[in-house]
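Asks: Once you've had a glance at the structure underneath, I'll fire off some questions.
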Amino acid sequence: MTFSDFWYQGLLGCYFADFEGTAFDIFMFFAGYIVCIIGGYLLGSVNAAIIISKYRYKRDIRDSGSGNAGTTNMLRTYGGDAAKWTLIGDIAKTVAAYLLGTILFGIRGAWFSCTMCIIGHCFPIFYKFKGGKGMVCVGVTVLMLDPVAFGILFPIFVIILVGMKYMSLASIMGMLFYPLVHQLVMVYQPNRYWPMSTFFAVIISLLVIWRHYPNMKRLMDKKESKTDLVAKMIKGDDPDGKRQRRLERLIMFICVCVAILVFVLAVFVNYKKTESSVSDDTSEETSASAESGGGDTDANTGAASEYVTDEDTGNE
């Protein structure tokens, strides 16, 4: 079993490559996917924001700020240190869900477990089904399962966040673009992705957009809180805001360049792989033709020698 086989199929997937249809095989097949689904959901239900706010600050984060159990609300309510550990917790549980699915069923299992991890984060069974909006979990999922799409979408997310200063708007726009970018990436890299992944991409996008519905209402009423990350990056006085504007333009320019570069590199790498594959197929066909031609030549030579031998025998 190569690493490519393991990444695409996982341990159970490789085992079921020689599926015989016995009762044990069927049981193990469904049991593996059930573990991916339930395990991913339970991992997602472990909400770092609620745990940190309750045990460190003695107050549920869902009773403060926007009421969302996520990194952004932790940043606004308790500051950068609380947000940092919340971010680490959300990343860790999504990575754990990814590893669980990958080990069992490769990329297919990872899509199941990571999607359920996002659902668990939004509707945690341990906290009365009231959780966060799942953007960090979605970001980690896209990074690990759809890295080219992440390389295109993350700069777009940063451009909107820096330019408009609305975290919710950047999240919504990123999710609106995600299924389209994912499908575009699949067109240029068809051998890398599982075809059903588009279905999961749509489900994830719709879920996150739906979870941001209250933010959309506040955006329309111009009551949504802004997140000015660039201002926090600037040290020292900036009374006229010139340094901040220059830094914002620089960040947006870099993001545009990164998004274009990632897309061009993905197309170039896929073109090279396709060209190499076509070259290999052509060489195999040429070898097969040569072997077939050699066999025909040998047969013709044998037939000619038999004819000559028979003719000589008749003359004698």
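The way I read the labels, and the way they are meant: chains A, B, ... in the order of the structure tokens, residue 1 as the first residue of every chain, and ligand 1 as the first ligand shown, with later ones counted on from there.
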For Ile251 in chain A, list every protein, DNA or RNA residue within 8 Å, evaluated using only C-alpha atoms, and leave out those in the same chain fewer than 3 positions away; present the list as a VMD selection string.

Replies: chain A and resid 159 162 247 to 248 254 to 255
